[in-house]
>>> print(open('run-v7.tsv').read())   # TSV, C-alpha atoms
chain	number	residue	atom	x	y	z
M	7	MET	CA	97.66	133.85	97.78
M	8	ASP	CA	94.04	132.70	97.65
M	9	TYR	CA	92.90	129.76	95.55
M	10	ALA	CA	89.71	127.81	94.90
M	11	GLU	CA	90.75	124.85	97.08
M	12	LEU	CA	91.60	126.99	100.13
M	13	TYR	CA	88.47	125.73	101.93
M	14	LEU	CA	90.00	122.24	102.15
M	15	TRP	CA	92.26	123.51	104.92
M	16	ASP	CA	89.21	123.98	107.15
M	17	ILE	CA	87.33	120.69	106.73
M	18	PRO	CA	87.49	118.62	109.96
M	19	VAL	CA	88.82	115.11	109.29
M	20	VAL	CA	89.94	112.17	111.44
M	21	TRP	CA	93.59	111.81	110.47
M	22	SER	CA	94.53	108.76	112.53
M	23	LYS	CA	93.82	105.06	112.96
M	24	PRO	CA	90.94	103.64	115.00
M	25	GLU	CA	91.73	103.22	118.69
M	26	SER	CA	94.35	105.94	118.45
M	27	GLY	CA	94.33	108.40	121.34
M	28	ASP	CA	94.79	111.05	118.70
M	29	ARG	CA	91.52	110.19	116.94
M	30	GLU	CA	89.70	113.51	116.79
M	31	LEU	CA	88.02	115.59	114.13
M	32	ILE	CA	90.41	118.38	113.24
M	33	SER	CA	91.12	120.48	110.17
M	34	LEU	CA	94.51	120.52	108.50
M	35	ARG	CA	94.75	124.22	109.38
M	36	ASP	CA	94.43	123.41	113.09
M	37	ARG	CA	96.54	120.25	112.95
M	38	THR	CA	99.56	121.71	111.18
M	39	PRO	CA	100.81	123.81	114.15
M	40	ARG	CA	101.13	120.60	116.18
M	41	ILE	CA	103.66	119.18	113.71
M	42	ALA	CA	105.59	122.38	112.99
M	43	ALA	CA	108.56	124.05	114.64
M	44	GLU	CA	107.97	127.43	116.24
M	45	GLY	CA	109.66	129.16	113.32
M	46	CYS	CA	107.23	127.78	110.73
M	47	ASP	CA	105.08	130.50	109.14
M	48	ILE	CA	101.91	128.47	108.76
M	49	GLU	CA	99.76	131.23	107.29
M	50	ALA	CA	102.42	131.89	104.65
M	51	LEU	CA	102.46	128.16	103.88
M	52	ILE	CA	98.66	127.96	103.61
M	53	HIS	CA	98.50	130.93	101.24
M	54	SER	CA	101.25	129.68	98.91
M	55	GLU	CA	101.47	127.40	95.91
M	56	MET	CA	103.08	124.80	98.18
M	57	GLY	CA	100.08	125.05	100.52
M	58	ARG	CA	97.70	124.66	97.61
M	59	GLN	CA	99.52	121.54	96.44
M	60	MET	CA	99.49	120.21	100.01
M	61	VAL	CA	95.69	120.23	100.27
M	62	LEU	CA	95.21	119.07	96.69
M	63	GLN	CA	97.43	116.09	97.42
M	64	PHE	CA	95.25	115.07	100.38
M	65	GLU	CA	91.92	116.01	98.79
M	66	ASP	CA	90.99	112.34	98.24
M	67	TYR	CA	91.59	111.57	101.93
M	68	ILE	CA	89.42	114.51	102.92
M	69	ARG	CA	86.63	113.65	100.44
M	70	TYR	CA	86.42	109.84	100.54
M	71	GLY	CA	85.39	108.18	103.79
M	72	ASP	CA	85.61	104.72	102.27
M	73	GLU	CA	89.02	103.76	100.89
M	74	MET	CA	87.28	101.39	98.45
M	75	ASP	CA	84.64	103.88	97.35
M	76	PRO	CA	83.81	102.80	93.76
M	77	ALA	CA	84.40	106.33	92.49
M	78	TYR	CA	87.85	106.39	94.09
M	79	VAL	CA	88.79	102.95	92.75
M	80	GLN	CA	87.55	103.93	89.31
M	81	LYS	CA	89.55	107.14	89.40
M	82	TRP	CA	92.79	105.18	89.68
M	83	HIS	CA	91.66	102.55	87.19
M	84	ALA	CA	91.08	105.30	84.64
M	85	GLN	CA	94.67	106.41	85.24
M	86	GLY	CA	96.02	102.89	84.76
M	87	LEU	CA	96.11	101.39	88.26
M	88	ASP	CA	94.02	98.58	89.75
M	89	LYS	CA	93.46	98.89	93.49
M	90	GLN	CA	92.93	96.04	95.94
M	91	VAL	CA	92.92	95.92	99.73
M	92	MET	CA	94.19	92.56	100.87
M	93	GLU	CA	93.27	90.94	104.22
M	94	ARG	CA	90.75	93.74	104.58
M	95	ASN	CA	88.81	92.14	107.44
M	96	ASP	CA	91.66	93.03	109.83
M	97	PHE	CA	92.30	96.79	109.88
M	98	TYR	CA	95.76	96.45	111.39
M	99	HIS	CA	96.85	93.66	109.07
M	100	ARG	CA	95.37	94.87	105.77
M	101	TRP	CA	97.46	96.16	102.93
M	102	ALA	CA	96.67	98.16	99.82
M	103	LEU	CA	98.04	96.99	96.51
M	104	PHE	CA	98.12	99.05	93.32
M	105	THR	CA	99.10	97.25	90.14
M	106	PRO	CA	99.33	98.58	86.58
M	107	VAL	CA	96.32	97.67	84.47
M	108	SER	CA	98.77	96.35	81.89
M	109	ALA	CA	99.86	93.69	84.40
M	110	ARG	CA	96.60	91.85	83.65
M	111	GLU	CA	98.13	90.83	80.34
M	112	LYS	CA	99.82	87.47	80.21
M	113	SER	CA	103.39	88.39	79.37
M	114	SER	CA	106.93	88.09	80.68
M	115	ARG	CA	107.04	91.76	81.64
M	116	ARG	CA	108.23	92.60	85.16
M	117	TYR	CA	107.43	95.78	87.08
M	118	PRO	CA	109.31	97.75	89.75
M	119	LEU	CA	107.91	97.31	93.28
M	120	LEU	CA	107.69	100.23	95.69
M	121	PHE	CA	106.81	99.78	99.37
M	122	VAL	CA	105.29	102.99	100.80
M	123	LEU	CA	105.15	103.01	104.61
M	124	HIS	CA	102.84	105.21	106.69
M	125	GLY	CA	103.56	107.38	109.71
M	126	SER	CA	102.89	106.16	113.24
M	127	SER	CA	99.22	106.97	113.75
M	128	MET	CA	98.13	107.10	110.12
M	129	PRO	CA	95.92	104.67	108.16
M	130	ILE	CA	97.11	103.39	104.80
M	131	ASN	CA	94.61	105.49	102.82
M	132	TRP	CA	96.37	108.56	104.25
M	133	GLU	CA	99.63	107.25	102.82
M	134	GLU	CA	97.91	106.75	99.45
M	135	CYS	CA	97.83	110.55	99.26
M	136	SER	CA	101.54	111.15	99.80
M	137	GLY	CA	102.13	111.54	96.06
M	138	PHE	CA	103.37	108.15	94.87
M	139	LEU	CA	100.24	106.91	93.10
M	140	PRO	CA	100.36	109.43	90.22
M	141	ILE	CA	103.98	108.34	89.69
M	142	ALA	CA	102.96	104.67	89.81
M	143	ALA	CA	100.30	105.33	87.17
M	144	ARG	CA	102.73	107.21	84.94
M	145	GLU	CA	105.73	104.92	85.37
M	146	GLU	CA	103.80	101.65	85.80
M	147	LEU	CA	104.94	100.61	89.26
M	148	ILE	CA	103.48	98.08	91.66
M	149	VAL	CA	102.87	99.87	94.96
M	150	CYS	CA	102.31	98.12	98.29
M	151	ILE	CA	101.10	100.14	101.29
M	152	PRO	CA	100.85	97.93	104.41
M	153	GLN	CA	99.14	98.92	107.65
M	154	ASP	CA	101.47	96.55	109.51
M	155	HIS	CA	104.89	97.76	108.46
M	156	SER	CA	106.85	95.65	110.92
M	157	LEU	CA	109.97	94.01	109.53
M	158	GLN	CA	108.38	90.57	109.83
M	159	ASN	CA	105.34	91.61	107.81
M	160	LEU	CA	107.35	93.48	105.18
M	161	LEU	CA	109.38	90.34	104.55
M	162	ARG	CA	106.17	88.30	104.35
M	163	LEU	CA	104.69	90.70	101.80
M	164	TYR	CA	107.93	90.75	99.82
M	165	ASP	CA	107.71	86.97	99.50
M	166	ILE	CA	104.04	87.12	98.44
M	167	LEU	CA	104.59	89.87	95.89
M	168	THR	CA	107.71	88.44	94.27
M	169	ARG	CA	106.04	85.00	94.12
M	170	ASP	CA	102.52	85.88	92.96
M	171	TYR	CA	102.91	89.14	91.02
M	172	PRO	CA	105.08	90.20	88.06
M	173	VAL	CA	107.67	91.97	90.22
M	174	ASP	CA	111.17	92.70	88.97
M	175	PRO	CA	113.26	91.53	91.96
M	176	GLY	CA	116.13	93.73	90.84
M	177	ARG	CA	113.98	96.88	91.16
M	178	VAL	CA	112.48	96.78	94.65
M	179	TYR	CA	112.41	100.05	96.60
M	180	CYS	CA	111.14	101.20	99.98
M	181	THR	CA	110.15	104.64	101.21
M	182	GLY	CA	108.30	105.89	104.24
M	183	TYR	CA	107.56	109.00	106.23
M	184	SER	CA	108.11	109.56	109.96
M	185	GLN	CA	107.65	106.15	111.59
M	186	GLY	CA	107.48	104.77	108.06
M	187	SER	CA	111.01	106.13	107.72
M	188	ALA	CA	112.10	104.13	110.76
M	189	GLN	CA	110.53	101.00	109.27
M	190	THR	CA	112.27	101.68	105.95
M	191	ASN	CA	115.51	101.81	107.91
M	192	ALA	CA	114.61	98.54	109.65
M	193	LEU	CA	114.19	96.78	106.32
M	194	LEU	CA	117.28	98.17	104.66
M	195	PHE	CA	119.55	97.36	107.61
M	196	ALA	CA	118.09	93.87	108.10
M	197	ARG	CA	117.90	92.84	104.42
M	198	PRO	CA	119.71	95.42	102.28
M	199	GLU	CA	120.16	92.92	99.44
M	200	LEU	CA	116.41	93.04	98.77
M	201	LEU	CA	116.46	96.74	97.90
M	202	ALA	CA	117.91	98.64	94.97
M	203	ALA	CA	117.55	101.97	96.83
M	204	ALA	CA	115.55	103.48	99.69
M	205	ALA	CA	114.12	106.80	100.83
M	206	PRO	CA	113.47	107.15	104.58
M	207	CYS	CA	111.88	110.61	104.88
M	208	GLY	CA	110.79	112.88	107.70
M	209	CYS	CA	113.70	111.75	109.85
M	210	LEU	CA	117.31	112.48	110.57
M	211	ALA	CA	119.79	111.22	108.02
M	212	GLY	CA	120.37	108.34	110.42
M	213	PRO	CA	117.64	106.16	111.92
M	214	PHE	CA	117.41	107.87	115.32
M	215	SER	CA	113.71	107.06	115.58
M	216	MET	CA	114.44	103.35	115.88
M	217	GLY	CA	117.64	103.56	117.89
M	218	MET	CA	121.18	103.01	116.72
M	219	GLU	CA	121.82	99.98	114.54
M	220	PRO	CA	124.48	97.40	115.49
M	221	GLU	CA	127.73	98.15	113.70
M	222	GLU	CA	127.72	94.77	111.93
M	223	ARG	CA	124.45	95.69	110.20
M	224	VAL	CA	125.84	99.08	109.26
M	225	GLN	CA	128.87	97.46	107.69
M	226	HIS	CA	126.74	94.86	105.91
M	227	ALA	CA	124.60	97.62	104.40
M	228	ALA	CA	127.80	99.35	103.27
M	229	GLN	CA	128.99	96.18	101.56
M	230	VAL	CA	125.65	95.68	99.77
M	231	ARG	CA	125.39	99.39	98.87
M	232	VAL	CA	121.89	100.86	99.14
M	233	PRO	CA	121.62	104.44	97.81
M	234	ILE	CA	119.67	106.69	100.18
M	235	LEU	CA	117.59	109.84	99.76
M	236	THR	CA	115.90	111.55	102.69
M	237	VAL	CA	113.48	114.49	102.46
M	238	CYS	CA	112.36	116.52	105.46
M	239	GLY	CA	110.87	119.90	106.30
M	240	GLN	CA	113.12	122.74	107.39
M	241	GLN	CA	110.59	123.56	110.12
M	242	GLU	CA	109.54	120.08	111.26
M	243	GLY	CA	108.16	119.78	114.78
M	244	LEU	CA	110.89	117.18	115.32
M	245	TYR	CA	113.52	119.90	114.72
M	246	LEU	CA	115.52	117.59	112.46
M	247	VAL	CA	117.65	120.21	110.71
M	248	PRO	CA	119.98	121.95	110.94
M	249	TYR	CA	122.05	119.18	112.51
M	250	TYR	CA	124.11	121.64	114.54
M	251	GLU	CA	121.10	122.77	116.59
M	252	ASP	CA	119.81	120.94	119.66
M	253	ALA	CA	116.14	120.05	119.30
M	254	PRO	CA	114.14	121.74	122.07
M	255	GLN	CA	112.09	119.66	124.49
M	256	ARG	CA	108.80	121.11	123.25
M	257	GLY	CA	106.33	120.76	120.42
M	258	MET	CA	106.35	117.15	119.24
M	259	TYR	CA	108.84	116.37	122.03
M	260	ASP	CA	106.94	118.10	124.84
M	261	ALA	CA	105.10	116.66	127.85
M	262	ARG	CA	102.27	114.23	127.17
M	263	ARG	CA	98.91	115.79	126.48
M	264	THR	CA	95.38	114.42	126.33
M	265	ASN	CA	92.69	114.85	123.71
M	266	PRO	CA	89.15	116.08	124.52
M	267	ARG	CA	88.16	112.56	125.60
M	268	GLY	CA	90.92	112.54	128.18
M	269	ARG	CA	93.02	109.97	126.34
M	270	GLU	CA	96.73	110.38	125.84
M	271	THR	CA	97.50	111.38	122.27
M	272	ALA	CA	99.67	109.11	120.13
M	273	ARG	CA	101.51	112.20	118.94
M	274	ASN	CA	103.15	112.54	122.34
M	275	ARG	CA	104.34	109.00	122.95
M	276	LEU	CA	107.65	109.42	121.14
M	277	PRO	CA	110.20	106.94	122.53
M	278	VAL	CA	113.15	109.34	122.41
M	279	GLN	CA	114.23	112.55	124.05
M	280	ALA	CA	114.73	115.56	121.84
M	281	PRO	CA	118.12	114.91	120.21
M	282	ASN	CA	120.97	117.31	120.71
M	283	ALA	CA	123.59	118.14	118.09
M	284	ALA	CA	126.02	115.47	119.32
M	285	TYR	CA	123.37	112.77	119.01
M	286	LYS	CA	122.38	114.01	115.56
M	287	VAL	CA	126.00	113.77	114.43
M	288	GLU	CA	126.27	110.25	115.85
M	289	SER	CA	123.17	109.24	113.92
M	290	LEU	CA	124.38	111.03	110.81
M	291	ASN	CA	127.68	109.18	110.92
M	292	LEU	CA	125.85	105.88	111.14
M	293	ARG	CA	124.16	106.78	107.87
M	294	LEU	CA	127.40	107.98	106.30
M	295	ARG	CA	129.21	104.75	107.20
M	296	SER	CA	126.36	102.65	105.83
M	297	CYS	CA	126.61	104.59	102.55
M	298	ASN	CA	130.41	104.35	102.28
M	299	CYS	CA	130.69	108.12	102.78
M	300	PRO	CA	133.28	109.99	104.89
M	301	GLU	CA	132.17	110.69	108.45
M	302	VAL	CA	131.91	114.19	109.89
M	303	THR	CA	132.94	115.55	113.26
M	304	LEU	CA	130.78	117.56	115.62
M	305	GLU	CA	133.13	120.49	115.04
M	306	GLU	CA	132.62	120.31	111.28
M	307	VAL	CA	128.86	120.23	111.74
M	308	LEU	CA	128.88	123.15	114.20
M	309	ALA	CA	131.00	125.16	111.76
M	310	CYS	CA	128.23	124.84	109.16
M	311	ALA	CA	126.24	127.44	111.10
M	312	GLU	CA	128.60	130.02	109.56
M	313	SER	CA	129.03	128.36	106.17
M	314	GLU	CA	128.91	130.54	103.06
M	315	ASP	CA	127.07	127.67	101.32
M	316	LEU	CA	123.34	128.15	101.94
M	317	VAL	CA	122.56	124.42	101.73
M	318	CYS	CA	125.30	123.48	104.20
M	319	ARG	CA	124.01	126.21	106.53
M	320	ARG	CA	120.35	125.18	106.30
M	321	ILE	CA	120.89	121.42	106.62
M	322	GLY	CA	123.91	121.72	108.87
M	323	MET	CA	126.58	119.47	107.40
M	324	PRO	CA	129.27	119.62	104.71
M	325	PHE	CA	128.36	118.21	101.29
M	326	SER	CA	130.21	117.20	98.16
M	327	LYS	CA	127.63	119.03	96.02
M	328	THR	CA	124.77	121.42	96.78
M	329	GLU	CA	121.80	122.80	94.91
M	330	VAL	CA	118.84	125.05	95.70
M	331	ARG	CA	115.85	124.05	93.62
M	332	ARG	CA	112.60	126.04	93.61
M	333	ILE	CA	109.50	123.82	93.42
M	334	TYR	CA	105.93	125.10	93.90
M	335	GLY	CA	107.42	128.48	94.76
M	336	CYS	CA	109.39	127.00	97.65
M	337	ASP	CA	113.16	126.60	98.09
M	338	HIS	CA	114.44	123.02	98.39
M	339	TYR	CA	117.93	122.71	99.85
M	340	ILE	CA	119.60	119.65	98.29
M	341	GLY	CA	122.91	118.27	99.53
M	342	THR	CA	124.72	115.30	97.98
M	343	VAL	CA	127.53	113.23	99.48
M	344	THR	CA	129.88	111.31	97.18
M	345	ASP	CA	130.86	107.85	98.42
M	346	ARG	CA	134.29	106.21	98.31
M	347	TYR	CA	133.45	104.72	94.92
M	348	GLY	CA	132.93	108.19	93.46
M	349	ASP	CA	129.13	107.78	93.27
M	350	ASP	CA	126.51	110.20	94.61
M	351	THR	CA	124.59	107.63	96.66
M	352	LEU	CA	123.45	109.81	99.58
M	353	GLN	CA	121.23	112.84	99.15
M	354	ILE	CA	119.50	114.96	101.79
M	355	VAL	CA	116.72	117.43	100.94
M	356	SER	CA	115.21	120.03	103.25
M	357	VAL	CA	112.05	121.91	102.22
M	358	ASP	CA	111.89	125.52	103.38
M	359	ASN	CA	109.09	126.56	105.76
M	360	PHE	CA	107.60	123.07	105.83
M	361	PRO	CA	106.38	121.01	108.83
M	362	HIS	CA	106.42	117.29	109.69
M	363	TRP	CA	104.29	116.22	106.73
M	364	PRO	CA	105.00	114.70	103.30
M	365	ALA	CA	105.84	117.68	101.11
M	366	PRO	CA	103.97	117.78	97.77
M	367	SER	CA	107.36	117.64	96.05
M	368	MET	CA	108.62	114.67	98.07
M	369	ALA	CA	107.35	111.77	95.95
M	370	GLU	CA	108.73	113.16	92.69
M	371	LEU	CA	112.10	113.85	94.33
M	372	VAL	CA	112.14	110.34	95.76
M	373	TRP	CA	111.33	108.65	92.45
M	374	GLU	CA	113.75	110.89	90.55
M	375	PHE	CA	116.45	109.43	92.83
M	376	LEU	CA	115.31	105.80	93.18
M	377	ARG	CA	114.49	105.07	89.56
M	378	HIS	CA	118.09	105.05	88.38
M	379	TYR	CA	119.09	102.12	90.57
M	380	SER	CA	118.64	98.38	90.16
M	381	ARG	CA	120.34	95.30	91.51
M	382	ASP	CA	121.80	92.37	89.59
M	383	THR	CA	119.77	89.47	90.94
M	384	GLU	CA	122.59	86.98	90.33
M	385	THR	CA	125.60	88.89	91.65
M	386	GLY	CA	123.84	91.41	93.93
M	387	ALA	CA	125.81	94.24	92.32
M	388	LEU	CA	124.27	97.71	92.36
M	389	ARG	CA	123.54	99.22	88.95
M	390	ASP	CA	123.03	102.86	87.99
M	391	ASP	CA	121.44	103.42	84.56
M	392	ARG	CA	123.33	106.71	84.21
M	393	LYS	CA	126.61	104.82	84.02
M	394	SER	CA	127.72	102.76	81.02
>>> encode(input="run-v7.tsv", output="structure tokens")
Amino acid sequence: MDYAELYLWDIPVVWSKPESGDRELISLRDRTPRIAAEGCDIEALIHSEMGRQMVLQFEDYIRYGDEMDPAYVQKWHAQGLDKQVMERNDFYHRWALFTPVSAREKSSRRYPLLFVLHGSSMPINWEECSGFLPIAAREELIVCIPQDHSLQNLLRLYDILTRDYPVDPGRVYCTGYSQGSAQTNALLFARPELLAAAAPCGCLAGPFSMGMEPEERVQHAAQVRVPILTVCGQQEGLYLVPYYEDAPQRGMYDARRTNPRGRETARNRLPVQAPNAAYKVESLNLRLRSCNCPEVTLEEVLACAESEDLVCRRIGMPFSKTEVRRIYGCDHYIGTVTDRYGDDTLQIVSVDNFPHWPAPSMAELVWEFLRHYSRDTETGALRDDRKS
């Protein structure tokens, strides 16, 4: 499939933060193999509707060198969002804030707040292109994208936003991709009561990228109840799924490399060894316990390699419910686990033939899941608007 925007795949762009060892000019066409598993058909992806949506989603990042370019700011204003970059004089401490234009009005209205957390080497204007801003404009959300997504800073920003902006404290959500997923996990395990739901994406179902959480935090999260959605690529360079396969020590897990300037690349400073199936199951069970869902055994996960259910086979674990949804001409394998309360509060999505990158469908899938949940600010009880 050829399309008018195909040329965007070949425009060299710096994709990472200043001072990153990975800071080189490289096209998306040349970068994608570095973040894909060996089985990913990159040419098929490029020449597909999913590939077209992928470059369209990041067109603003490719086109605008200045994140506060007046034309870029005006574009979002015309769609109903005001953009600010706070603490802009410090690159590593700055944070982007998008607020609905209607929030300028003096009223008692309160808006949902969504934290969107970037991947390890990425600047916040990269994360602005992961698909959440069109949703924020349509649904009237406040979106905060911090460069410093440490737990300490996220809690600081939460205090600022709930104090100084018309935030609905019962509808606060967090999502992130790759390292942003790990930081989403950090927030939800440290302060689960602040969140109505969360979506750590581009990771295992459990937070392997930040290490295993203490059991007391897992149990606390289970008591608070934080619904979880995770979206990943079926052919990620991190070899996340299927869970029954050992990730090979290559690709994004391989030996450290250097860029043309001789500097070690950030891409190859991952703090973990490639996880094997047993470790994946351990991490998965951490997530299942935190979501009040039944744990699985390694044997049950290994048996999924021969499952008649396509979703169980592709993701590699048993589910309560499964669905294959076709979006942008691409199969999305969706597995849902029902918790001990009878609620579907854990969902895992794998996108066929897709690498370690926010899929164009990810943001809509995330918001479709998150938007139903809120928290009673007095009792802390979880609410689902689909239930009476």
>>> closest_residue(input="run-v7.tsv", among="M:His83, M:Arg293, M:Arg389, M:Arg35", to="Ile354 of chain M", atoms="only C-alpha atoms")
M:Arg293
>>> closest_residue(input="run-v7.tsv", among="M:Glu146, M:Glu111, M:Asp96, M:Trp101", to="Leu160 of chain M", atoms="only C-alpha atoms")
M:Trp101
>>> closest_residue(input="run-v7.tsv", among="M:Ser356, M:Gln85, M:Gln63, M:Thr383", to="Val107 of chain M", atoms="all atoms listed in the file")
M:Gln85
>>> closest_atom_pairs(input="run-v7.tsv", of="segment 21-87 of chain M", to="segment 130-144 of chain M", cutoff="8 Å", atoms="all atoms listed in the file", output="tab-separated table")
residue	atom	partner	partner_atom	distance
M:Trp21	CA	M:Trp132	CA	7.5
M:Gln63	CA	M:Cys135	CA	5.9
M:Phe64	CA	M:Cys135	CA	5.3
M:Asp66	CA	M:Cys135	CA	7.1
M:Tyr67	CA	M:Trp132	CA	6.1
M:Glu73	CA	M:Asn131	CA	6.2
M:Trp82	CA	M:Ala143	CA	7.9
M:Gln85	CA	M:Ala143	CA	6.0
M:Gly86	CA	M:Ala143	CA	5.5
M:Leu87	CA	M:Ala143	CA	5.9
>>> write_last_selection(input="run-v7.tsv", atoms="C-alpha atoms", output="JSON list (two decimals), in the coordinates of the input")
[["chain", "number", "residue", "atom", "x", "y", "z"],
["M", 21, "TRP", "CA", 93.59, 111.81, 110.47],
["M", 63, "GLN", "CA", 97.43, 116.09, 97.42],
["M", 64, "PHE", "CA", 95.25, 115.07, 100.38],
["M", 66, "ASP", "CA", 90.99, 112.34, 98.24],
["M", 67, "TYR", "CA", 91.59, 111.57, 101.93],
["M", 73, "GLU", "CA", 89.02, 103.76, 100.89],
["M", 82, "TRP", "CA", 92.79, 105.18, 89.68],
["M", 85, "GLN", "CA", 94.67, 106.41, 85.24],
["M", 86, "GLY", "CA", 96.02, 102.89, 84.76],
["M", 87, "LEU", "CA", 96.11, 101.39, 88.26]]
>>> residues_around(input="run-v7.tsv", residues="Asp350 of chain M", least_positions_apart="3", cutoff="12 Å", atoms="all atoms listed in the file", output="list of chain:residue names")
M:Arg231, M:Val232, M:Pro233, M:Ile234, M:Leu235, M:Leu294, M:Cys297, M:Asn298, M:Cys299, M:Phe325, M:Ser326, M:Lys327, M:Thr328, M:Gly341, M:Thr342, M:Val343, M:Thr344, M:Asp345, M:Arg346, M:Tyr347, M:Gln353, M:Ile354, M:Phe375, M:His378, M:Tyr379, M:Asp390, M:Arg392, M:Lys393
>>> atom_distance(input="run-v7.tsv", atom1="atom CA of Ser54 of chain M", atom2="atom CA of Tyr339 of chain M")
18.1 Å
>>> closest_atom_pairs(input="run-v7.tsv", of="segment 159-275 of chain M", to="segment 320-323 of chain M", cutoff="8 Å", atoms="all atoms listed in the file", output="CSV")
residue,atom,partner,partner_atom,distance
M:Gln240,CA,M:Arg320,CA,7.7
M:Val247,CA,M:Ile321,CA,5.4
M:Pro248,CA,M:Ile321,CA,4.4
M:Tyr249,CA,M:Gly322,CA,4.8
M:Tyr250,CA,M:Gly322,CA,5.7
>>> closest_residue(input="run-v7.tsv", among="M:Thr105, M:Gln189, M:Gln158, M:Thr351", to="Val122 of chain M", atoms="only C-alpha atoms")
M:Gln189
>>> residues_around(input="run-v7.tsv", residues="His362 of chain M", least_positions_apart="6", cutoff="7 Å", atoms="all atoms listed in the file", output="ChimeraX atom specification")
/M:41-42,208,239,242-243
>>> write_last_selection(input="run-v7.tsv", atoms="C-alpha atoms", output="JSON list (two decimals), in the coordinates of the input")
[["chain", "number", "residue", "atom", "x", "y", "z"],
["M", 41, "ILE", "CA", 103.66, 119.18, 113.71],
["M", 42, "ALA", "CA", 105.59, 122.38, 112.99],
["M", 208, "GLY", "CA", 110.79, 112.88, 107.70],
["M", 239, "GLY", "CA", 110.87, 119.90, 106.30],
["M", 242, "GLU", "CA", 109.54, 120.08, 111.26],
["M", 243, "GLY", "CA", 108.16, 119.78, 114.78]]
>>> closest_residue(input="run-v7.tsv", among="M:Val19, M:Pro324, M:Pro152, M:Asn282", to="Glu312 of chain M", atoms="all atoms listed in the file")
M:Pro324
>>> residues_near_point(input="run-v7.tsv", point="(125.9, 125.8, 116.2)", cutoff="10 Å", atoms="all atoms listed in the file", output="list in words")
Pro248, Tyr249, Tyr250, Glu251, Asp252, Ala283, Leu304, Glu305, Glu306, Val307, Leu308, Ala309, Cys310, Ala311, Glu312, Arg319 and Gly322 of chain M
>>> closest_residue(input="run-v7.tsv", among="M:Gln279, M:Leu62, M:Asp358, M:Ile52", to="Gln255 of chain M", atoms="all atoms listed in the file")
M:Gln279
